[in-house]
Amino acid sequence: MTTFLAILPESILLLLAVLLLCIDPFLKKQQSQRAFLGWYTGGGLLLAAILTAIFARPADPVLVFGSMLRYDWLGYIFKLVVLVAAGITAFFFMESETVQSRGESYVLLLASSIGMCLMVTSADLIVLYLAIETTSIPLYVLAGFLKADDRSNEAGFKYLLYGALTSAVLLYGFSLIYGFSGTTSIYQMTGFFASVNLAVLGIAFLVLAGLAFKIALFPFHFWAPDVYEGAPTPVAGFLSTASKVAGFAVLLRLLTAAFPAISQDWSLILAILATLTMTVGNLIALTQKSVKRLLAYSSIAHAGYVLIGVVAFTRLGVISVIYYLMAYVLTNLTAFGILAIVGRVTGSDEIGAYNGLSRRNPGLALAALAAFLSLAGMPPFAGFVAKVFVFTAAIEAGWVWLAVVGVLNSIFGLYYYLNVLKAIYLYRMENQDEDQHPVPVSRPLAVLVGILAGGMILFGVVLAPWFSMAGNAASALLTSF
Amino acid sequence: MHFPFLSVIVFTPLAAGLLILLYRPDQKKAIRYTALAAGLLALALSAWVYFAYDKSAGGYQFLEKYTWMEQLGISLYFGVDGMSVPLVLLTGVVMVTGVMISWGIEDRPREFFAFLFILASGVFGVFASLDLFMLFFFYEIAVFPMYLLIAIWGWIKTREYAAMKLTLYLFVGSVISLIGALAMYWQTGLRTFDMLAISQAQQAGAFDGMVRIFGASVPFQVFWFLPVFMGFAILGGIFPFHNWSPDGHVAAPTAVSMFHAGVLMKLGAFAALRVGIMLLPEGAKFWSPLVMGLALVNIVYGAFIASVQTDFKYVIGFSSVSHMGLVTMGFATLTPDGLLGAGMQMFSHGVMTALFFAAVGMVYDRAHTRDIPSLGGMIKPLPLVGLGVIVGSLVSMGMPGFSGFIAEFPIFRGIWATPRWWMAILAAISIVVTASYVLLVVRKVFFGKMPAELEGHIHPINTLDKIALILLMLLMIGIGVFPSLMVPWIDSGVRQILSLLGGV
């Protein structure tokens with residue numbers, strides 16, 4: 001029974017995907033019939049999340065499927081995050097004409113989600129590698145989904161090339177791990193890397209580089225802005241959230257289980273990476289004219305803030321990482337969703353396209369206000385507490401300078417988020433005729449955006465339940481066999 | 001269990017703000033009346049709390065504690081002492097008068113009042129919070145809406161620049177203080193953000209350790225006092241970080257200037273006192289000379305700069321810098337008189353600037369200029385505004401019989417009691433300078449001959465404006481004539497601070 005529950009979400013998603021492939025040929029090309037697919041996928045994913053939340057709650061960590069997977073709270077939480085993120089993304093897919101018109105997009109989304117669910121639970125290098133590939137290959141296709149759009153093609157191709165390269169690097173690292181330890185099981189190799197020597201550092205570097213690409217850490221971030229810019233907006237949202245979350249889950253697991261000894265020496269390198277990631281992401285974001293690129297660079301910077309928690313690596317550090325990721329997924333998905341809605345009406349992602357949004361659609365403008373303030377780390381939104389927890393963890397572990405770098409960086413962040421809000425609230429359209437150019441939002445999407453904005457406040461004000469969930473996950477992570 | 005006054009006061013504006021957002025944008029009348037009703041409710045409750053506060057007992061009263069998050073020891077902990085209870089009242093007063101003055105706003109009043117009220121909730125929250133986490137939470141809520149209020153409804157020429165500058169300055173300050181606060185949190189080892197518990201731990205010696213920084217050992221309190229205190233003091237307009245404040249005042253719409261200079265700057269000074277001086281008293285003693293020196297620059301330099309401005313609003317803006325310098329100076333003396341005067345000055349200056357900015361706004365709405373040389377003779381069409389500005393001027397130069405005297409006199413006595421008594425002499429220069437520029441402004445704007453192009457354009461102010469002006473004037477004269485209406489409250493707060501300082 002436990003064995004089955006460990007892969008409950010994956011099974012549901014697989015079922016959904018197969019059914020979808022059977023239904024799709026019988027649907028006509030009409031808007032209403034196409035919208036059904038969005039509802040089907042989004043609803044199915046959220047249902048899967050609810051079922052998982054209720055029935056697949058793990059007790060003590062156990063290894064299942066011949067220690068291929070680890071059924072624990074860490075995987076549970078991250079799976080829920082991935083499922084919710086994918087469900088929301090499916091609803092936002094309806095905002096993009098091309099993406100919506102082809103059923104494949106939803107199948108690819110589901111396939112990628114299956115991969116992510118496996119990534120966050122895998123306890124074996126081979127499964128882990130397969131999961132990473134299952135996650136990535138559908139995403140390469142999705143990034144290039146707008147066949148007629150050159151930039152989307154470029155995004156898909158670029159993502160594929162960079163992705164293939166880092167997969168190779170990662171795989172090389174894995175093969176060396178196997179060569180040294182003689183096992184592929186992450187939870188059995190602990191003893192082999194107990195001491196620090198050059199070989200271990202080299203291996204850890206290869207693995208880190210591979211993961212850093214997935215998370216878009218400096219200096220492995222170059223693909224991110226171009227890919228996000230070219231990819232369909234909802235896909236970019238999915239890439240910047242769920243894919244990053246899965247990457248962080250793997251990073252946490254490998255650092256605790258495979259390389260516990262070097263995590264002390266490693267933390268200085270990670271701290272430098274975090275500093276560079278935050279600073280570079282924020283500084284380049286300052287100069288962006290396109291909101292989509294701005295969010296791309298800001299999501300790089302956010303990975304840097306999360307990394308502060310990884311550097312601290314106390315129990316609170318791990319909790320703060322998980323909390324930050326939950327808050328970030330919610331917020332960034334909302335931001336990209338709003339981008340998709342505005343982009344569909346105005347056909348542009350430039351900051352100038354947002355002029356007068358507060359008059360064109362006051363509700364959407366308020367949601368954008370909430371999302372950007374949450375990204376900037378302002379209360380009462382989720383981003384504020386998430387940042388405070390990360391900095392608290394850093395100071396607890398003695399990384400005061402890193403916390404200072406983090407807070408100073410958040411000021412850059414505030415500046416460029418305010419620039420977008422300035423366009424929304426302050427500037428007007430060229431002819432000051434906002435009444436003639438409303439930004440219509442369909443009722444279901446309006447409700448969804450409203451719920452997301454409410455969720456940001458919920459995560460920013462009601463702290464205890466999420467914190468204890470993250471606490472369970474941290475305990476599961478730090479329990480060794 | 002008594003009625004939860006403080007949490008109702010804190011959350012009333014927030015609830016009203018959210019309610020206002022639910023109206024349709026064109027229901028302007030309903031929006032304004034909701035705003036006024038919420039403001040009056042908050043004022044009534046804060047007046048009740050003020051008069052029900054038992055000043056002979058002192059200490060923290062009206063305590064309410066709700067667990068917010070057990071794991072890190074965060075709670076929703078409300079309570080006021082003699083220092084904060086006048087500020088809660090001040091916020092209520094400024095909120096109500098601010099709504100009255102902004103009655104005529106036509107551009108998106110729904111968003112305006114909603115943002116203004118969210119800000120007010122943040123301000124009440126900071127004054128009433130006894131939990132460090134909660135203090136920062138409300139502090140940020142109070143700072144941010146300012147950006148939108150200034151950027152959207154402000155003076156078109158400088159609003160973008162000023163709003164961004166203000167927000168960035170204040171955000172830098174608050175995050176730097178936050179780091180210091182987190183350091184204190186871990187240093188106590190109690191895993192609680194409860195400020196009373198942290199204060200007890202401090203008295204028991206939790207902060208007596210050393211911090212190693214670049215190889216040198218520095219006492220914990222000495223190291224962390226400066227970032228914590230200065231971070232908050234930026235919002236109090238301390239030199240050399242005062243630059244955002246006159247620009248912000250000038251660019252803001254009238255009600256926001258009132259809030260900004262009247263209440264928000266007190267927020268910075270108050271938080272610097274509560275977190276900086278009260279939790280790190282040894283650090284405060286060590287750095288007192290430096291802070292006094294900076295405050296002295298504020299006082300004198302602010303007054304001189306104000307005296308050469310030709311824009312009516314910049315005059316008031318720089319005079320705020322000068323007067324807030326007196327508050328910081330009073331704190332930094334760490335003497336009973338200085339602290340008492342600073343507490344009084346926070347209230348007195350809050351009411352005074354609110355009145356000044358209301359008056360400037362009324363003149364500007366009619367004359368469409370704030371350039372002092374091109375104004376004149378305003379007393380005839382606007383007698384009450386003129387009277388208000390005259391009363392405000394008398395307060396600002398510390399004339400006996402007005403609240404300014406009750407505030408400034410003890411501050412100077414406080415400076416005199418420190419080893420740096422000579423600062424009192426230098427600071428006293430500002431009184432003369434202040435008198436010269438405020439009287440000059442009164443003469444040029446309200447007396448003399450009205451320029452021909454303004455003749456006939458100056459229509460009288462409405463009833464709500466009059467009520468607001470009269471309320472503010474009565475407060476300043478009332479406290480000036482009957483200091484016992486406020487001094488005992490603040491005195492009880494000062495006694496508590498002094499006990500933390502070890503009876504300096």
# chains A, B, ... in the order shown; residues from 1 in each chain; ligands from 1
$ select_by_dssp --residues "segment 196-412 of chain B" --states "alpha helix (DSSP H)" --output "PyMOL selection string"
chain B and resi 196-203+220-233+244-251+254-259+265-271+281-307+312-333+336-367+383-396+403-412
$ interface_residues --of "chain A" --to "chain B" --cutoff "9 Å" --atoms "only C-alpha atoms" --output "NGL selection string"
:A and (378-380 or 384-385 or 388 or 391-392 or 395-396 or 400 or 403-404 or 407-408 or 410-412 or 414-415 or 418 or 421-422 or 425-427 or 461-465 or 467-468)
$ write_last_selection --atoms "N, CA and C atoms" --output "CSV table (one decimal), in the first residue's frame"
chain,number,residue,atom,x,y,z
A,378,MET,N,7.4,42.6,0.5
A,378,MET,CA,6.6,43.6,1.3
A,378,MET,C,5.5,42.8,2.0
A,379,PRO,N,5.3,43.1,3.3
A,379,PRO,CA,4.1,42.5,3.9
A,379,PRO,C,2.8,43.2,3.4
A,380,PRO,N,1.7,42.6,3.6
A,380,PRO,CA,1.4,41.3,4.2
A,380,PRO,C,1.5,40.2,3.3
A,384,PHE,N,7.4,38.6,2.0
A,384,PHE,CA,8.0,39.3,3.1
A,384,PHE,C,8.5,38.2,4.2
A,385,VAL,N,7.6,37.4,4.6
A,385,VAL,CA,7.9,36.4,5.7
A,385,VAL,C,9.0,35.4,5.1
A,388,VAL,N,12.2,37.1,5.4
A,388,VAL,CA,12.6,37.2,6.8
A,388,VAL,C,13.1,35.9,7.3
A,391,PHE,N,16.6,35.2,6.0
A,391,PHE,CA,17.7,36.0,6.7
A,391,PHE,C,17.8,35.5,8.1
A,392,THR,N,16.7,35.2,8.8
A,392,THR,CA,16.8,34.7,10.2
A,392,THR,C,17.7,33.5,10.2
A,395,ILE,N,21.4,34.3,9.8
A,395,ILE,CA,22.0,35.0,11.0
A,395,ILE,C,22.2,33.9,12.1
A,396,GLU,N,21.2,33.0,12.2
A,396,GLU,CA,21.4,31.9,13.2
A,396,GLU,C,22.7,31.2,12.9
A,400,VAL,N,26.1,36.5,8.8
A,400,VAL,CA,25.6,37.8,8.9
A,400,VAL,C,25.8,38.6,7.6
A,403,ALA,N,23.4,37.7,4.9
A,403,ALA,CA,22.1,38.3,5.2
A,403,ALA,C,22.1,39.8,4.8
A,404,VAL,N,23.2,40.5,5.1
A,404,VAL,CA,23.3,41.9,4.7
A,404,VAL,C,23.3,42.0,3.2
A,407,VAL,N,19.7,41.5,2.1
A,407,VAL,CA,18.7,42.6,2.2
A,407,VAL,C,19.1,43.8,1.3
A,408,LEU,N,20.4,44.0,1.1
A,408,LEU,CA,20.7,45.1,0.2
A,408,LEU,C,20.2,44.8,-1.2
A,410,SER,N,17.6,43.1,-1.9
A,410,SER,CA,16.1,43.2,-2.0
A,410,SER,C,15.8,44.7,-2.3
A,411,ILE,N,16.7,45.6,-2.1
A,411,ILE,CA,16.4,47.0,-2.4
A,411,ILE,C,16.4,47.2,-3.9
A,412,PHE,N,17.4,46.6,-4.6
A,412,PHE,CA,17.4,46.7,-6.1
A,412,PHE,C,16.1,46.1,-6.6
A,414,LEU,N,13.2,45.9,-5.1
A,414,LEU,CA,12.1,46.8,-4.9
A,414,LEU,C,12.0,47.9,-6.0
A,415,TYR,N,13.2,48.4,-6.4
A,415,TYR,CA,13.3,49.5,-7.4
A,415,TYR,C,12.7,49.0,-8.7
A,418,LEU,N,9.0,48.3,-8.6
A,418,LEU,CA,8.2,49.6,-8.5
A,418,LEU,C,8.1,50.2,-9.9
A,421,LEU,N,5.1,48.8,-11.4
A,421,LEU,CA,3.9,49.3,-10.8
A,421,LEU,C,3.7,50.8,-11.1
A,422,LYS,N,4.8,51.5,-11.4
A,422,LYS,CA,4.6,52.9,-11.8
A,422,LYS,C,3.9,53.0,-13.1
A,425,TYR,N,0.1,52.1,-12.4
A,425,TYR,CA,-0.7,53.0,-11.6
A,425,TYR,C,-0.5,54.4,-12.0
A,426,LEU,N,0.6,54.8,-12.6
A,426,LEU,CA,0.9,56.2,-12.7
A,426,LEU,C,0.8,56.7,-14.1
A,427,TYR,N,1.4,55.9,-15.1
A,427,TYR,CA,1.4,56.4,-16.4
A,427,TYR,C,0.0,56.1,-17.1
A,461,VAL,N,0.4,35.9,6.1
A,461,VAL,CA,-0.2,36.3,7.4
A,461,VAL,C,-0.4,35.1,8.3
A,462,VAL,N,-0.9,34.0,7.7
A,462,VAL,CA,-1.1,32.8,8.6
A,462,VAL,C,0.1,31.9,8.4
A,463,LEU,N,1.1,32.0,9.3
A,463,LEU,CA,2.4,31.4,9.1
A,463,LEU,C,2.5,30.0,9.6
A,464,ALA,N,1.9,29.7,10.7
A,464,ALA,CA,2.2,28.5,11.5
A,464,ALA,C,2.0,27.2,10.7
A,465,PRO,N,0.8,27.0,10.0
A,465,PRO,CA,0.6,25.7,9.3
A,465,PRO,C,1.7,25.4,8.3
A,467,PHE,N,4.6,26.7,8.0
A,467,PHE,CA,5.9,26.5,8.7
A,467,PHE,C,6.1,25.1,9.3
A,468,SER,N,5.0,24.6,9.9
A,468,SER,CA,5.2,23.3,10.5
A,468,SER,C,5.2,22.2,9.4
$ residues_around --residues "Ile50 of chain A" --least-positions-apart "3" --cutoff "10 Å" --atoms "only C-alpha atoms" --output "mmCIF file with N, CA and C atoms, in the first residue's frame"
data_model
loop_
_atom_site.group_PDB
_atom_site.id
_atom_site.type_symbol
_atom_site.label_atom_id
_atom_site.label_comp_id
_atom_site.auth_asym_id
_atom_site.auth_seq_id
_atom_site.Cartn_x
_atom_site.Cartn_y
_atom_site.Cartn_z
ATOM 1 N N PRO A 9 0.504 10.408 -7.028
ATOM 2 C CA PRO A 9 0.342 11.512 -7.984
ATOM 3 C C PRO A 9 0.837 11.149 -9.379
ATOM 4 N N GLY A 44 -7.799 18.282 -13.292
ATOM 5 C CA GLY A 44 -7.214 16.986 -12.954
ATOM 6 C C GLY A 44 -5.989 17.144 -12.070
ATOM 7 N N LEU A 45 -5.142 18.116 -12.406
ATOM 8 C CA LEU A 45 -3.925 18.318 -11.615
ATOM 9 C C LEU A 45 -4.261 18.765 -10.199
ATOM 10 N N LEU A 46 -5.227 19.686 -10.094
ATOM 11 C CA LEU A 46 -5.579 20.155 -8.749
ATOM 12 C C LEU A 46 -6.225 19.017 -7.952
ATOM 13 N N LEU A 47 -7.051 18.194 -8.649
ATOM 14 C CA LEU A 47 -7.649 17.037 -7.978
ATOM 15 C C LEU A 47 -6.549 16.096 -7.501
ATOM 16 N N ALA A 53 -2.655 15.153 -1.170
ATOM 17 C CA ALA A 53 -2.565 15.803 0.139
ATOM 18 C C ALA A 53 -3.293 14.986 1.188
ATOM 19 N N ILE A 54 -4.440 14.402 0.786
ATOM 20 C CA ILE A 54 -5.245 13.702 1.794
ATOM 21 C C ILE A 54 -4.723 12.283 2.030
ATOM 22 N N PHE A 55 -4.492 11.555 0.931
ATOM 23 C CA PHE A 55 -4.252 10.122 1.098
ATOM 24 C C PHE A 55 -2.778 9.747 1.147
ATOM 25 N N ALA A 56 -1.935 10.538 0.511
ATOM 26 C CA ALA A 56 -0.543 10.099 0.383
ATOM 27 C C ALA A 56 0.372 10.762 1.385
ATOM 28 N N LEU A 80 3.336 18.365 -3.932
ATOM 29 C CA LEU A 80 2.142 19.215 -3.878
ATOM 30 C C LEU A 80 2.414 20.543 -4.577
ATOM 31 N N LEU A 83 2.413 19.962 -8.303
ATOM 32 C CA LEU A 83 1.080 19.694 -8.853
ATOM 33 C C LEU A 83 0.252 20.971 -8.921
ATOM 34 N N VAL A 84 0.300 21.763 -7.849
ATOM 35 C CA VAL A 84 -0.474 23.001 -7.850
ATOM 36 C C VAL A 84 0.053 23.942 -8.931
#
$ atom_distance --atom1 "atom CA of Met397 of chain B" --atom2 "atom CA of Phe232 of chain B"
26.4 Å
$ residues_around --residues "Thr241 of chain A" --least-positions-apart "3" --cutoff "6 Å" --atoms "only C-alpha atoms" --output "number ranges by chain"
A: 238, 244, 329
$ residues_around --residues "Leu37 of chain A" --least-positions-apart "6" --cutoff "8 Å" --atoms "only C-alpha atoms" --output "compact mmCIF listing (two decimals) with N, CA and C atoms, in the first residue's frame"
# COMPACT_ATOMS: atom_id res chain seq x y z
N LEU A 20 -6.21 11.93 -21.94
CA LEU A 20 -6.22 13.16 -22.74
C LEU A 20 -5.87 12.85 -24.20
N ASP A 24 -8.49 13.81 -27.16
CA ASP A 24 -8.11 14.94 -28.00
C ASP A 24 -8.55 14.81 -29.46
N GLY A 103 -3.75 19.86 -28.27
CA GLY A 103 -3.81 19.07 -27.05
C GLY A 103 -2.46 18.61 -26.55
N TYR A 106 -0.90 20.12 -23.34
CA TYR A 106 -1.32 19.63 -22.02
C TYR A 106 -0.65 18.30 -21.69
$ atom_distance --atom1 "atom CA of Ala199 of chain A" --atom2 "atom CA of Ser175 of chain A"
12.8 Å
$ closest_residue --among "B:Ala38, B:Leu440, B:Met100, B:Met278" --to "Ser199 of chain B" --atoms "only C-alpha atoms"
B:Met278
$ atom_distance --atom1 "atom CA of Lys157 of chain B" --atom2 "atom CA of Asp371 of chain B"
14.4 Å
$ decode --residues "segment 35-142 of chain B" --atoms "C-alpha atoms" --output "short mmCIF file (atom, residue, chain, number, x, y, z; two decimals), in the first residue's frame"
data_model
loop_
_atom_site.label_atom_id
_atom_site.label_comp_id
_atom_site.auth_asym_id
_atom_site.auth_seq_id
_atom_site.Cartn_x
_atom_site.Cartn_y
_atom_site.Cartn_z
CA ALA B 35 -13.64 56.71 5.25
CA LEU B 36 -14.86 59.43 7.59
CA ALA B 37 -16.82 56.96 9.72
CA ALA B 38 -13.82 54.64 10.07
CA GLY B 39 -11.58 57.58 10.91
CA LEU B 40 -13.95 58.84 13.58
CA LEU B 41 -14.26 55.37 15.07
CA ALA B 42 -10.47 55.01 15.25
CA LEU B 43 -10.14 58.49 16.76
CA ALA B 44 -12.84 57.82 19.35
CA LEU B 45 -11.22 54.56 20.39
CA SER B 46 -7.75 56.02 20.55
CA ALA B 47 -9.03 58.96 22.62
CA TRP B 48 -10.65 56.44 24.94
CA VAL B 49 -7.41 54.50 25.26
CA TYR B 50 -5.53 57.73 25.91
CA PHE B 51 -7.78 58.85 28.74
CA ALA B 52 -8.23 55.38 30.20
CA TYR B 53 -4.46 54.83 30.37
CA ASP B 54 -3.47 54.70 34.02
CA LYS B 55 -0.51 57.05 34.09
CA SER B 56 0.21 56.66 37.77
CA ALA B 57 0.73 52.94 37.27
CA GLY B 58 2.73 53.45 34.05
CA GLY B 59 4.20 50.54 32.16
CA TYR B 60 2.50 48.69 29.35
CA GLN B 61 -1.27 48.66 29.43
CA PHE B 62 -4.15 47.40 27.30
CA LEU B 63 -2.07 44.30 26.69
CA GLU B 64 -3.37 41.76 24.22
CA LYS B 65 -1.38 38.75 23.15
CA TYR B 66 -2.34 36.23 20.52
CA THR B 67 -0.05 33.50 19.28
CA TRP B 68 0.82 34.13 15.68
CA MET B 69 3.46 31.54 15.10
CA GLU B 70 4.68 29.44 17.95
CA GLN B 71 7.68 27.87 16.24
CA LEU B 72 9.69 31.08 16.06
CA GLY B 73 7.98 32.83 18.96
CA ILE B 74 6.07 35.38 16.93
CA SER B 75 2.95 36.76 18.51
CA LEU B 76 0.45 39.48 17.88
CA TYR B 77 1.29 41.43 20.99
CA PHE B 78 -0.36 44.78 21.50
CA GLY B 79 0.27 47.19 24.31
CA VAL B 80 0.92 50.89 24.86
CA ASP B 81 3.05 52.77 27.32
CA GLY B 82 3.21 56.44 28.18
CA MET B 83 5.45 57.12 25.20
CA SER B 84 3.24 55.50 22.59
CA VAL B 85 -0.25 56.32 23.79
CA PRO B 86 -0.07 60.01 22.74
CA LEU B 87 1.17 58.86 19.34
CA VAL B 88 -1.81 56.55 18.92
CA LEU B 89 -4.03 59.53 19.66
CA LEU B 90 -2.04 61.67 17.21
CA THR B 91 -2.53 59.09 14.47
CA GLY B 92 -6.28 59.12 15.10
CA VAL B 93 -6.36 62.92 14.90
CA VAL B 94 -4.32 63.11 11.72
CA MET B 95 -6.36 60.35 10.13
CA VAL B 96 -9.67 62.11 10.68
CA THR B 97 -8.42 65.53 9.68
CA GLY B 98 -6.69 63.99 6.67
CA VAL B 99 -9.96 62.50 5.47
CA MET B 100 -11.73 65.82 5.96
CA ILE B 101 -9.10 67.71 3.99
CA SER B 102 -9.11 65.17 1.13
CA TRP B 103 -12.88 65.26 0.74
CA GLY B 104 -12.57 66.85 -2.67
CA ILE B 105 -10.24 64.30 -4.31
CA GLU B 106 -11.77 63.36 -7.65
CA ASP B 107 -9.11 61.13 -9.23
CA ARG B 108 -9.70 57.52 -8.14
CA PRO B 109 -10.79 58.33 -4.56
CA ARG B 110 -11.46 54.64 -3.98
CA GLU B 111 -7.80 53.70 -4.29
CA PHE B 112 -6.69 56.86 -2.51
CA PHE B 113 -8.63 56.22 0.66
CA ALA B 114 -7.91 52.49 0.56
CA PHE B 115 -4.14 53.04 0.40
CA LEU B 116 -4.30 55.85 2.98
CA PHE B 117 -6.13 53.60 5.41
CA ILE B 118 -3.84 50.63 4.89
CA LEU B 119 -1.01 53.01 5.74
CA ALA B 120 -2.88 54.18 8.85
CA SER B 121 -3.26 50.57 9.99
CA GLY B 122 0.47 50.09 9.64
CA VAL B 123 1.15 53.20 11.71
CA PHE B 124 -1.21 52.18 14.50
CA GLY B 125 0.33 48.72 14.37
CA VAL B 126 3.86 50.00 14.93
CA PHE B 127 2.86 52.25 17.81
CA ALA B 128 0.95 49.46 19.51
CA SER B 129 3.23 46.50 18.89
CA LEU B 130 5.31 44.83 21.54
CA ASP B 131 6.65 42.15 19.23
CA LEU B 132 9.66 42.80 17.06
CA PHE B 133 8.51 40.77 14.08
CA MET B 134 5.12 42.40 14.19
CA LEU B 135 6.74 45.80 14.46
CA PHE B 136 8.62 45.26 11.20
CA PHE B 137 5.54 43.78 9.58
CA PHE B 138 3.49 46.88 10.29
CA TYR B 139 6.40 49.21 9.65
CA GLU B 140 6.69 48.00 6.06
CA ILE B 141 2.94 48.19 5.63
CA ALA B 142 3.12 51.80 6.76
#
